[in-house]
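Participant: mmCIF, C-alpha atoms, saved as target25.cif, coming up:
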data_query
loop_
_atom_site.label_atom_id
_atom_site.label_comp_id
_atom_site.auth_asym_id
_atom_site.auth_seq_id
_atom_site.Cartn_x
_atom_site.Cartn_y
_atom_site.Cartn_z
CA MET A 1295 24.77 -37.65 -50.02
CA GLU A 1296 25.63 -41.35 -49.91
CA ASN A 1297 23.55 -43.79 -51.94
CA VAL A 1298 21.51 -46.67 -50.54
CA GLN A 1299 23.97 -49.43 -51.44
CA ALA A 1300 26.87 -47.61 -49.77
CA ILE A 1301 24.81 -47.19 -46.59
CA LYS A 1302 23.88 -50.90 -46.62
CA GLN A 1303 27.54 -51.90 -46.83
CA ARG A 1304 28.56 -49.43 -44.15
CA PHE A 1305 25.94 -50.60 -41.61
CA GLY A 1306 25.76 -54.27 -42.60
CA ILE A 1307 22.20 -54.16 -43.92
CA ILE A 1308 21.33 -57.06 -46.23
CA GLY A 1309 18.44 -57.16 -48.68
CA ASN A 1310 17.08 -55.58 -51.83
CA ASP A 1311 13.41 -55.26 -50.91
CA VAL A 1312 11.73 -52.13 -52.31
CA LYS A 1313 10.19 -51.15 -48.95
CA LEU A 1314 13.53 -51.58 -47.17
CA ASN A 1315 15.29 -49.41 -49.75
CA ARG A 1316 12.60 -46.74 -49.38
CA ALA A 1317 13.05 -46.70 -45.59
CA ILE A 1318 16.82 -46.21 -45.98
CA GLU A 1319 16.27 -43.46 -48.56
CA LYS A 1320 13.99 -41.59 -46.14
CA ALA A 1321 16.62 -41.92 -43.39
CA ILE A 1322 19.29 -40.48 -45.71
CA GLN A 1323 17.05 -37.57 -46.76
CA VAL A 1324 15.98 -36.62 -43.23
CA ALA A 1325 19.44 -37.02 -41.61
CA PRO A 1326 20.82 -33.48 -42.34
CA THR A 1327 17.81 -31.87 -40.62
CA ASP A 1328 16.80 -31.78 -36.93
CA ILE A 1329 13.33 -33.25 -37.58
CA SER A 1330 12.07 -35.81 -35.05
CA VAL A 1331 11.75 -39.29 -36.54
CA LEU A 1332 9.56 -42.23 -35.49
CA VAL A 1333 10.68 -45.68 -36.68
CA THR A 1334 7.87 -48.27 -36.70
CA GLY A 1335 7.82 -51.98 -37.39
CA GLU A 1336 7.46 -55.34 -35.72
CA SER A 1337 9.90 -56.62 -33.13
CA GLY A 1338 13.08 -57.99 -34.68
CA VAL A 1339 13.04 -56.13 -38.03
CA GLY A 1340 16.19 -54.10 -37.25
CA LYS A 1341 14.74 -50.71 -36.24
CA GLU A 1342 17.92 -49.83 -34.34
CA SER A 1343 19.85 -49.43 -37.64
CA ILE A 1344 17.82 -46.39 -38.79
CA PRO A 1345 18.78 -44.07 -35.86
CA LYS A 1346 22.46 -44.94 -36.39
CA ILE A 1347 22.20 -44.03 -40.07
CA ILE A 1348 20.46 -40.73 -39.23
CA HIS A 1349 23.02 -39.78 -36.58
CA SER A 1350 26.07 -40.66 -38.69
CA LEU A 1351 24.85 -38.57 -41.65
CA SER A 1352 23.74 -35.56 -39.57
CA HIS A 1353 25.67 -32.51 -38.45
CA ARG A 1354 25.51 -34.00 -34.92
CA LYS A 1355 27.69 -36.99 -35.87
CA HIS A 1356 30.53 -35.75 -33.62
CA GLY A 1357 28.13 -35.48 -30.67
CA LYS A 1358 26.97 -38.31 -28.45
CA PHE A 1359 24.55 -41.00 -29.61
CA ILE A 1360 22.65 -42.48 -26.65
CA ALA A 1361 20.22 -45.38 -27.09
CA VAL A 1362 17.65 -45.85 -24.32
CA ASN A 1363 15.31 -48.87 -24.05
CA CYS A 1364 12.27 -47.27 -22.45
CA GLY A 1365 10.60 -50.64 -21.84
CA ALA A 1366 13.50 -51.90 -19.72
CA ILE A 1367 13.49 -49.02 -17.19
CA PRO A 1368 11.08 -49.30 -14.20
CA GLU A 1369 8.29 -46.73 -14.16
CA GLY A 1370 9.41 -45.30 -10.82
CA THR A 1371 12.91 -44.42 -12.02
CA ILE A 1372 12.47 -43.57 -15.70
CA ASP A 1373 12.05 -39.81 -15.07
CA SER A 1374 15.30 -39.83 -13.11
CA GLU A 1375 17.08 -41.80 -15.87
CA LEU A 1376 15.93 -39.51 -18.68
CA PHE A 1377 16.02 -36.11 -17.00
CA GLY A 1378 18.30 -36.61 -13.98
CA HIS A 1379 17.67 -35.87 -10.30
CA GLU A 1380 18.88 -33.70 -7.46
CA LYS A 1381 20.53 -35.01 -4.31
CA GLY A 1382 17.93 -36.04 -1.71
CA SER A 1383 15.00 -35.87 -4.15
CA PHE A 1384 14.02 -39.44 -3.23
CA THR A 1385 15.27 -42.33 -1.11
CA GLY A 1386 18.66 -43.44 -2.39
CA ALA A 1387 19.43 -40.19 -4.25
CA THR A 1388 22.77 -39.65 -2.49
CA GLN A 1389 24.12 -37.30 -5.15
CA THR A 1390 23.02 -35.17 -8.07
CA ARG A 1391 22.85 -37.12 -11.33
CA SER A 1392 22.61 -35.97 -14.94
CA GLY A 1393 19.97 -37.61 -17.12
CA TYR A 1394 20.29 -38.91 -20.68
CA PHE A 1395 18.87 -35.70 -22.19
CA GLU A 1396 21.50 -33.62 -20.41
CA GLU A 1397 24.31 -36.01 -21.39
CA ALA A 1398 23.20 -36.15 -25.05
CA ASP A 1399 23.21 -32.35 -25.42
CA GLY A 1400 24.40 -31.56 -28.94
CA GLY A 1401 23.91 -35.15 -30.09
CA THR A 1402 21.15 -37.67 -30.76
CA ILE A 1403 19.05 -39.70 -28.33
CA PHE A 1404 17.33 -42.88 -29.52
CA LEU A 1405 14.22 -43.81 -27.50
CA ASP A 1406 13.54 -47.48 -28.25
CA GLU A 1407 10.08 -48.88 -27.31
CA VAL A 1408 8.78 -45.34 -26.78
CA GLY A 1409 5.23 -46.73 -26.68
CA GLU A 1410 5.98 -48.17 -23.23
CA LEU A 1411 6.59 -44.75 -21.62
CA PRO A 1412 4.24 -43.91 -18.71
CA LEU A 1413 1.88 -40.97 -19.29
CA THR A 1414 3.62 -38.72 -16.74
CA THR A 1415 6.95 -39.15 -18.57
CA GLN A 1416 5.22 -38.50 -21.91
CA VAL A 1417 4.25 -35.01 -20.65
CA ARG A 1418 7.90 -34.24 -19.80
CA LEU A 1419 9.06 -35.58 -23.18
CA LEU A 1420 6.51 -33.41 -24.99
CA ARG A 1421 8.00 -30.31 -23.36
CA VAL A 1422 11.51 -31.29 -24.50
CA LEU A 1423 10.24 -31.73 -28.06
CA GLU A 1424 8.44 -28.38 -28.05
CA ASN A 1425 11.11 -26.08 -26.62
CA GLY A 1426 14.05 -28.20 -25.45
CA GLU A 1427 13.30 -27.56 -21.75
CA PHE A 1428 13.26 -30.07 -18.90
CA ILE A 1429 13.38 -30.09 -15.10
CA LYS A 1430 15.33 -32.59 -13.03
CA VAL A 1431 13.46 -34.71 -10.49
CA GLY A 1432 13.42 -32.77 -7.21
CA SER A 1433 14.54 -29.51 -8.81
CA SER A 1434 12.72 -26.30 -9.67
CA LYS A 1435 15.31 -25.02 -12.14
CA VAL A 1436 14.44 -25.22 -15.84
CA GLN A 1437 17.30 -26.50 -18.00
CA LYS A 1438 17.75 -26.42 -21.77
CA THR A 1439 19.05 -29.17 -24.04
CA ASN A 1440 19.81 -29.25 -27.75
CA VAL A 1441 19.18 -32.85 -28.69
CA ARG A 1442 17.69 -34.65 -31.68
CA ILE A 1443 15.12 -37.33 -30.79
CA VAL A 1444 14.68 -40.49 -32.83
CA ALA A 1445 12.08 -42.90 -31.43
CA ALA A 1446 11.08 -46.45 -32.32
CA THR A 1447 8.15 -48.68 -31.39
CA ASN A 1448 6.49 -51.94 -32.33
CA VAL A 1449 3.18 -50.84 -30.79
CA ASN A 1450 0.17 -49.86 -32.91
CA MET A 1451 0.18 -46.21 -31.90
CA PHE A 1452 -3.39 -45.48 -33.00
CA GLU A 1453 -4.72 -48.29 -30.79
CA ALA A 1454 -2.59 -47.02 -27.90
CA ILE A 1455 -3.99 -43.51 -28.40
CA GLU A 1456 -7.56 -44.86 -28.52
CA LYS A 1457 -6.98 -46.72 -25.23
CA GLU A 1458 -5.44 -43.55 -23.74
CA LYS A 1459 -2.08 -45.25 -23.16
CA PHE A 1460 -0.22 -42.79 -25.39
CA ARG A 1461 -0.73 -39.06 -25.85
CA GLU A 1462 -1.97 -38.06 -29.29
CA ASP A 1463 -0.12 -34.73 -29.27
CA LEU A 1464 3.15 -36.50 -28.42
CA TYR A 1465 2.64 -38.98 -31.27
CA TYR A 1466 2.31 -36.18 -33.82
CA ARG A 1467 5.37 -34.41 -32.40
CA LEU A 1468 7.47 -37.59 -32.62
CA SER A 1469 6.24 -38.71 -36.03
CA THR A 1470 7.15 -35.59 -38.03
CA VAL A 1471 8.72 -38.15 -40.34
CA GLU A 1472 7.69 -41.79 -39.91
CA ILE A 1473 9.88 -44.57 -41.28
CA HIS A 1474 8.32 -48.03 -41.46
CA LEU A 1475 10.42 -51.17 -41.77
CA PRO A 1476 8.62 -54.14 -43.40
CA PRO A 1477 8.38 -57.53 -41.63
CA LEU A 1478 10.59 -60.35 -42.91
CA ARG A 1479 7.62 -62.32 -44.35
CA ASP A 1480 7.07 -59.43 -46.80
CA ARG A 1481 10.70 -59.64 -47.98
CA LYS A 1482 10.58 -63.09 -49.59
CA ASP A 1483 13.61 -62.53 -51.82
CA ASP A 1484 15.75 -61.51 -48.83
CA ILE A 1485 15.01 -64.47 -46.53
CA HIS A 1486 17.39 -67.00 -48.13
CA LEU A 1487 20.01 -64.31 -48.66
CA LEU A 1488 19.94 -63.43 -44.94
CA PHE A 1489 20.05 -67.10 -43.94
CA ARG A 1490 23.15 -67.70 -46.05
CA LYS A 1491 24.83 -64.63 -44.52
CA PHE A 1492 24.09 -65.81 -40.98
CA ALA A 1493 25.23 -69.37 -41.81
CA SER A 1494 28.53 -68.00 -43.14
CA ASP A 1495 29.03 -65.79 -40.06
CA PHE A 1496 28.45 -68.67 -37.63
CA ALA A 1497 30.69 -70.99 -39.64
CA GLN A 1498 33.54 -68.50 -39.13
CA LYS A 1499 32.63 -67.91 -35.48
CA TYR A 1500 32.52 -71.60 -34.52
CA LYS A 1501 35.22 -72.70 -37.02
CA MET A 1502 33.13 -75.28 -38.88
CA PRO A 1503 31.83 -75.73 -42.46
CA ALA A 1504 28.86 -73.58 -43.43
CA ILE A 1505 25.45 -75.25 -43.64
CA ARG A 1506 23.59 -75.44 -46.94
CA LEU A 1507 19.86 -75.84 -47.58
CA GLU A 1508 18.33 -78.26 -50.07
CA ASP A 1509 15.79 -76.88 -52.56
CA GLU A 1510 12.82 -78.18 -50.56
CA ALA A 1511 14.30 -76.67 -47.41
CA VAL A 1512 14.63 -73.30 -49.15
CA HIS A 1513 10.96 -73.56 -50.12
CA ALA A 1514 10.01 -74.31 -46.49
CA LEU A 1515 12.17 -71.38 -45.35
CA LEU A 1516 10.28 -68.97 -47.64
CA LYS A 1517 6.84 -70.32 -46.66
CA TYR A 1518 7.39 -69.86 -42.92
CA ARG A 1519 5.76 -66.80 -41.29
CA TRP A 1520 8.79 -65.61 -39.22
CA SER A 1521 6.90 -63.92 -36.40
CA GLY A 1522 10.23 -62.97 -34.78
CA ASN A 1523 11.53 -61.59 -38.08
CA ILE A 1524 15.32 -61.25 -38.61
CA ARG A 1525 16.09 -62.00 -34.96
CA GLN A 1526 14.28 -65.34 -35.20
CA LEU A 1527 15.95 -66.21 -38.54
CA ARG A 1528 19.37 -65.51 -37.05
CA ASN A 1529 18.65 -67.73 -34.03
CA VAL A 1530 17.47 -70.60 -36.25
CA ALA A 1531 20.62 -70.33 -38.39
CA GLU A 1532 22.80 -70.41 -35.27
CA GLN A 1533 20.98 -73.42 -33.78
CA ILE A 1534 21.29 -75.46 -36.97
CA SER A 1535 24.95 -74.48 -37.42
CA VAL A 1536 25.84 -75.70 -33.93
CA LEU A 1537 23.60 -78.76 -33.53
CA GLU A 1538 23.52 -80.46 -36.94
CA GLN A 1539 26.37 -82.80 -37.93
CA ASP A 1540 25.26 -83.08 -41.57
CA ARG A 1541 25.97 -79.70 -43.20
CA THR A 1542 23.34 -80.25 -45.92
CA ILE A 1543 19.98 -79.45 -44.35
CA SER A 1544 16.79 -81.14 -45.60
CA ALA A 1545 13.28 -79.72 -45.37
CA ASP A 1546 12.35 -82.14 -42.54
CA THR A 1547 15.41 -81.14 -40.53
CA LEU A 1548 14.71 -77.45 -41.01
CA THR A 1549 11.03 -77.82 -40.06
CA GLY A 1550 12.10 -79.27 -36.71
CA TYR A 1551 13.65 -75.90 -35.85
CA LEU A 1552 10.62 -73.84 -36.92
CA PRO A 1553 7.93 -73.62 -34.20
CA GLY A 1554 4.45 -74.28 -35.59
CA ALA A 1555 5.69 -74.92 -39.13
CA GLY A 1556 2.89 -76.28 -41.32
CA LYS A 1557 0.23 -75.15 -38.87
CA ASN A 1558 -0.07 -71.55 -39.98
CA LEU A 1559 -3.51 -72.03 -41.55
CA PRO A 1560 -5.57 -68.95 -42.44
CA ALA A 1561 -7.86 -67.79 -39.67
CA VAL A 1562 -10.30 -64.98 -39.20
CA ILE A 1563 -8.91 -62.53 -36.69
CA ASN A 1564 -11.12 -59.93 -35.10
CA GLU A 1565 -8.95 -56.85 -35.19
CA LYS A 1566 -11.32 -54.71 -33.14
CA LYS A 1567 -11.94 -55.74 -29.59
CA SER A 1568 -15.43 -55.77 -28.18
CA GLN A 1569 -16.82 -52.45 -27.02
CA ALA A 1570 -17.33 -54.06 -23.60
CA ASP A 1571 -13.62 -53.74 -22.85
CA PHE A 1572 -13.89 -53.58 -19.09
CA GLY A 1573 -11.34 -51.57 -17.22
CA SER A 1574 -11.72 -53.27 -13.85
CA GLU A 1575 -13.12 -56.29 -12.05
CA ARG A 1576 -15.73 -54.08 -10.41
CA GLU A 1577 -17.32 -53.18 -13.74
CA ILE A 1578 -17.47 -56.87 -14.73
CA LEU A 1579 -19.18 -57.78 -11.44
CA TYR A 1580 -21.66 -54.91 -11.83
CA LYS A 1581 -22.62 -56.12 -15.30
CA ILE A 1582 -23.12 -59.71 -14.08
CA LEU A 1583 -25.29 -58.51 -11.18
CA PHE A 1584 -27.42 -56.30 -13.43
CA ASP A 1585 -27.92 -59.18 -15.88
CA MET A 1586 -28.94 -61.52 -13.04
CA LYS A 1587 -31.35 -58.91 -11.70
CA SER A 1588 -32.96 -58.51 -15.12
CA ASP A 1589 -33.33 -62.29 -15.55
CA LEU A 1590 -34.86 -62.59 -12.07
CA ASN A 1591 -37.47 -59.94 -12.84
CA ASP A 1592 -38.33 -61.70 -16.11
CA LEU A 1593 -38.75 -64.99 -14.25
CA LYS A 1594 -41.06 -63.31 -11.73
CA LYS A 1595 -43.18 -61.99 -14.57
CA LEU A 1596 -43.41 -65.40 -16.26
CA THR A 1597 -44.26 -67.17 -13.00
CA LEU A 1598 -47.08 -64.71 -12.25
CA GLU A 1599 -48.59 -65.14 -15.73
CA LEU A 1600 -48.44 -68.93 -15.40
CA MET A 1601 -50.25 -68.81 -12.04
CA GLN A 1602 -52.94 -66.48 -13.36
CA SER A 1603 -53.61 -68.23 -16.68
CA GLY A 1604 -53.07 -71.84 -15.62
CA SER A 1605 -51.93 -72.70 -19.18
CA SER A 1606 -48.24 -73.08 -19.82
CA GLN A 1607 -48.77 -73.46 -23.59
CA LYS A 1608 -50.55 -70.11 -23.84
CA VAL A 1609 -47.91 -68.32 -21.78
CA GLN A 1610 -45.15 -69.92 -23.85
CA GLU A 1611 -46.71 -68.68 -27.10
CA GLU A 1612 -47.30 -65.13 -25.83
CA ASN A 1613 -43.85 -64.73 -24.27
CA GLN A 1614 -41.66 -66.55 -26.77
CA ASN A 1615 -39.04 -63.76 -26.95
CA LEU A 1616 -38.82 -63.46 -23.18
CA ILE A 1617 -38.40 -67.23 -22.77
CA GLN A 1618 -35.61 -67.29 -25.35
CA LYS A 1619 -33.88 -64.42 -23.59
CA ILE A 1620 -33.87 -66.31 -20.25
CA TYR A 1621 -33.37 -69.91 -21.36
CA GLY A 1622 -31.61 -69.38 -24.68
CA LYS A 1623 -32.65 -70.56 -28.13
CA SER A 1624 -35.04 -73.38 -29.05
CA ASP A 1625 -32.48 -76.02 -28.04
CA ASN A 1626 -33.26 -75.16 -24.42
CA ASP A 1627 -37.04 -75.19 -24.66
CA ALA A 1628 -37.02 -78.30 -22.52
CA ASP A 1629 -35.74 -76.19 -19.63
CA PHE A 1630 -38.77 -73.96 -19.87
CA ASP A 1631 -41.14 -76.96 -20.17
CA THR A 1632 -39.72 -78.28 -16.89
CA ALA A 1633 -40.29 -74.91 -15.25
CA ALA A 1634 -43.81 -74.74 -16.71
CA LYS A 1635 -44.71 -78.20 -15.37
CA SER A 1636 -43.70 -77.18 -11.87
CA SER A 1637 -45.90 -74.10 -12.05
CA ASP A 1638 -48.82 -76.18 -13.47
CA ALA A 1639 -48.66 -78.20 -10.26
CA VAL A 1640 -49.88 -75.10 -8.43
CA SER A 1641 -53.14 -75.10 -10.39
CA GLU A 1642 -53.64 -78.89 -9.91
CA ASP A 1643 -54.25 -78.26 -6.22
CA TYR A 1644 -57.52 -76.61 -7.18
CA SER A 1645 -58.69 -79.08 -9.88
CA ASP A 1646 -61.13 -80.77 -7.46
CA ILE A 1647 -63.17 -77.56 -7.22
CA GLU A 1648 -63.63 -77.54 -10.99
CA ASP A 1649 -64.85 -81.23 -10.91
CA TYR A 1650 -67.86 -80.18 -8.79
CA GLU A 1651 -68.71 -77.10 -10.81
CA ASP A 1652 -71.38 -78.80 -13.01
CA SER A 1653 -72.82 -81.29 -10.50
CA GLU A 1654 -73.38 -79.06 -7.46
CA ALA A 1655 -73.14 -75.59 -9.04
CA LEU A 1656 -70.55 -74.47 -6.55
CA GLU A 1657 -68.94 -71.09 -7.06
CA VAL A 1658 -65.39 -71.55 -8.25
CA LEU A 1659 -63.01 -69.00 -6.83
CA PRO A 1660 -60.37 -67.55 -9.16
CA VAL A 1661 -56.80 -68.41 -8.30
CA SER A 1662 -56.24 -64.91 -6.98
CA GLN A 1663 -59.24 -65.25 -4.56
CA HIS A 1664 -58.49 -68.78 -3.31
CA PRO A 1665 -57.69 -68.95 0.44
CA ALA A 1666 -54.22 -70.30 -0.34
CA MET A 1667 -53.51 -67.21 -2.41
CA ARG A 1668 -55.22 -64.71 -0.13
CA GLY A 1669 -51.99 -63.77 1.60
CA ARG A 1670 -50.43 -63.00 -1.76
CA ASN A 1671 -53.45 -61.01 -2.86
CA GLU A 1672 -53.08 -58.65 0.06
CA ASP A 1673 -49.68 -57.65 -1.31
CA LYS A 1674 -50.43 -56.87 -4.94
CA TYR A 1675 -46.86 -55.88 -5.65
CA HIS A 1676 -44.99 -58.79 -4.04
CA PHE A 1677 -43.26 -59.46 -7.37
CA ALA A 1678 -42.09 -55.87 -7.90
CA GLU A 1679 -38.42 -54.99 -7.85
CA GLU A 1680 -37.11 -53.66 -4.57
CA ILE A 1681 -35.50 -50.24 -4.73
CA GLU A 1682 -32.19 -50.17 -2.96
CA GLU A 1683 -30.80 -47.14 -1.23
CA GLU A 1684 -28.77 -45.10 -3.70
CA GLU A 1685 -25.03 -45.52 -3.29
CA THR A 1686 -23.12 -42.46 -2.20
CA LEU A 1687 -21.31 -40.60 -4.97
CA SER A 1688 -18.87 -38.74 -2.74
CA LEU A 1689 -15.37 -38.78 -4.28
CA GLN A 1690 -13.82 -38.61 -0.84
CA ASP A 1691 -15.73 -41.69 0.37
CA LYS A 1692 -14.82 -43.60 -2.79
CA GLU A 1693 -11.17 -42.64 -2.44
CA LEU A 1694 -11.10 -43.76 1.20
CA GLU A 1695 -12.83 -47.04 0.30
CA LEU A 1696 -10.33 -47.82 -2.53
CA ILE A 1697 -7.32 -47.01 -0.33
CA LYS A 1698 -8.60 -49.34 2.42
CA LYS A 1699 -9.24 -52.14 -0.06
CA ALA A 1700 -5.83 -51.75 -1.69
CA LEU A 1701 -4.09 -51.89 1.71
CA ASP A 1702 -6.12 -54.96 2.74
CA ARG A 1703 -5.42 -56.78 -0.54
CA ASN A 1704 -1.69 -56.11 -0.24
CA HIS A 1705 -1.54 -56.96 3.49
CA GLY A 1706 -0.63 -53.43 4.48
CA LYS A 1707 2.28 -53.14 2.03
CA ARG A 1708 2.11 -49.51 1.02
CA LYS A 1709 4.41 -49.74 -1.98
CA ALA A 1710 2.32 -52.50 -3.59
CA ALA A 1711 -0.92 -50.70 -2.69
CA ALA A 1712 0.32 -47.47 -4.28
CA SER A 1713 1.27 -49.37 -7.44
CA GLU A 1714 -2.18 -50.96 -7.64
CA LEU A 1715 -3.91 -47.61 -7.12
CA GLY A 1716 -1.73 -45.98 -9.79
CA ILE A 1717 -0.35 -43.29 -7.45
CA SER A 1718 3.08 -42.61 -5.96
CA GLU A 1719 4.07 -43.84 -2.50
CA ARG A 1720 4.39 -40.24 -1.33
CA THR A 1721 0.79 -39.52 -2.36
CA LEU A 1722 -0.41 -42.69 -0.59
CA TYR A 1723 1.41 -41.70 2.64
CA ARG A 1724 -0.24 -38.27 2.50
CA LYS A 1725 -3.69 -39.81 1.98
CA ILE A 1726 -3.18 -42.27 4.86
CA LYS A 1727 -2.25 -39.38 7.13
CA GLN A 1728 -5.16 -37.29 5.85
CA TYR A 1729 -7.75 -40.02 6.53
CA ASP A 1730 -6.00 -41.18 9.73
CA LEU A 1731 -5.76 -44.82 8.57
#
Translate this file's structure into structure tokens.
Facilitator:
Amino acid sequence: MENVQAIKQRFGIIGNDVKLNRAIEKAIQVAPTDISVLVTGESGVGKESIPKIIHSLSHRKHGKFIAVNCGAIPEGTIDSELFGHEKGSFTGATQTRSGYFEEADGGTIFLDEVGELPLTTQVRLLRVLENGEFIKVGSSKVQKTNVRIVAATNVNMFEAIEKEKFREDLYYRLSTVEIHLPPLRDRKDDIHLLFRKFASDFAQKYKMPAIRLEDEAVHALLKYRWSGNIRQLRNVAEQISVLEQDRTISADTLTGYLPGAGKNLPAVINEKKSQADFGSEREILYKILFDMKSDLNDLKKLTLELMQSGSSQKVQEENQNLIQKIYGKSDNDADFDTAAKSSDAVSEDYSDIEDYEDSEALEVLPVSQHPAMRGRNEDKYHFAEEIEEEETLSLQDKELELIKKALDRNHGKRKAAASELGISERTLYRKIKQYDL
């Protein structure tokens, strides 16, 4: 078994970070087996090196090594790319084609960005992992393949599982052994070393003297966050090598090539999203309408109490919580005072009757019995909430409604409508024929 330093030299890996060395050690130990491996880490940390190490040290090293970027293949064709298809299985399938799993038989297949796989493809991949079986698109014949799968992702898999974007059973099948590569910001001692290596490489490539950093520039280099990791560091080294005439780089010059340098202040980040993570515009609209309905009922209640009591101060004291719910906190009390004054004007219409109460002993009618309010009194429940007819819960009606809306929104374009509905074009054609649209 080769040691870590020999592997670094063989594959051009630079750095002496403890976490990096541990990741390479795990790759060396797991290589002779057929265990599935999941490589995790941020974008740009060099995840593609681990599958190459595993393949070259395995008994499959004389077989094919195929790397597939799952995020770069369109959802409609990824099954055909991975598993192959039969002639005539879909429009444009003019001949039978072998997929990557069939081609890599006896070797290793590297699935980069595996977290971007659609759920339907994840089911097929799970079957390959369990018993090595797959079926070509448009075929009914089960085929076998003997292939080792190494996957990589920069997605937080547990969040993807929680949001039902990735199958939990597939995650545990892929991550029999998980190898995590640390981000560049956690490898402080390696940053300047990598920069010098890149500067030397570009000096040879473009036939010019190598750039050198001043001490303050080195300090700025180490302080920077490097969100793009090694890929970003390499790009910065190449830009400076090509654009700068002076080969000694100051801190100010370097900072000009680092986006947002000096602005990476600490901030509180809410890692968990709100529970009200709406899945569609319809749910958002429903919530807004229900909130408006609740506020309207509360306003009706307040207005009725104001009319019956005639004292806005008393109503304000008794319904303080309700007022704050509608108008907000105490900063908006003026809004309620304005509303209260307008309702007090209703009772002023009857103030003349009270002026004569002592002098002529006239009977004063309550607000509810006054002729102006008599029409309201006849309907004692005029403020009550109206009950709307219950919406139909038929799945067939809902399906028909969504298909019509999707077709209208996409101006009759069936391919776009099928994509929006999350179904295949063939399924949409069948539904259109079924409902006679």
Participant: Near A:Lys1608, counting only C-alpha atoms, which residues have an atom at most 12 Å away, once you skip same-chain residues fewer than 6 positions from it, shown as a list in words?
Facilitator: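 Within the cut-off, the hits are Leu1596, Glu1599, Leu1600, Met1601, Gln1602, Gln1614 and Ala1634 of chain A.
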Participant: Could you state which residues are captured by the PyMOL selection byres ((chain A and resi 1372) around 12) in this file, as number ranges by chain?
Facilitator: A: 1362-1371, 1373-1379, 1393-1394, 1405, 1408, 1410-1416, 1418-1419, 1430-1431
Participant: Could you check how far atom CA of A:Val1436 sits from atom CA of A:Asp1399, in Å to one decimal?
Facilitator: 14.8 Å
Participant: What does the PyMOL selection byres ((chain A and resi 1551) around 12) select in this file, as a ChimeraX atom specification?
Facilitator: /A:1511,1514-1515,1518,1520,1526-1535,1537-1538,1543-1550,1552-1555
Participant: Once the PyMOL selection byres ((chain A and resi 1359) around 7) is applied to the coordinates I shared, what remains selected? I want it as a list of chain:residue names.
Facilitator: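 Selected by the PyMOL selection byres ((chain A and resi 1359) around 7) in this file: A:Gly1357, A:Lys1358, A:Ile1360, A:Ala1361, A:Ala1398, A:Gly1401, A:Thr1402, A:Ile1403.
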Participant: Nearest to A:Ala1504 among A:Arg1541, A:His1474, A:Lys1692, A:His1353, with distances taken over all atoms listed in the file: which residue is it?
Facilitator: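 Distance minimum relative to A:Ala1504 lands on A:Arg1541.
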Participant: With all atoms listed in the file as the counted atoms, please give the residues lying no more than 12 Å from A:Leu1488, apart from itself and same-chain residues fewer than 2 positions off, as JSON, numbers by chain.
Facilitator: {"A": [1306, 1307, 1308, 1309, 1310, 1478, 1481, 1482, 1483, 1484, 1485, 1486, 1490, 1491, 1492, 1493, 1494, 1495, 1512, 1515, 1516, 1523, 1524, 1525, 1526, 1527, 1528, 1529, 1530, 1531]}
Participant: Go ahead and compute the interatomic distance for atom CA of A:Phe1489 and atom CA of A:Ala1317, in Å to one decimal.
Facilitator: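 It comes out at 21.6 Å.
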Participant: For the atom pair atom CA of A:Glu1380 and atom CA of A:Thr1439, what is the interatomic distance in Å to one decimal place?
Facilitator: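 Interatomic distance, atom CA of A:Glu1380 to atom CA of A:Thr1439: 17.2 Å.
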Participant: Counting all atoms listed in the file, which residue out of A:Leu1701, A:Ile1473, A:Ile1322, A:Leu1351 sits closest to A:Val1444?
Facilitator: A:Ile1473
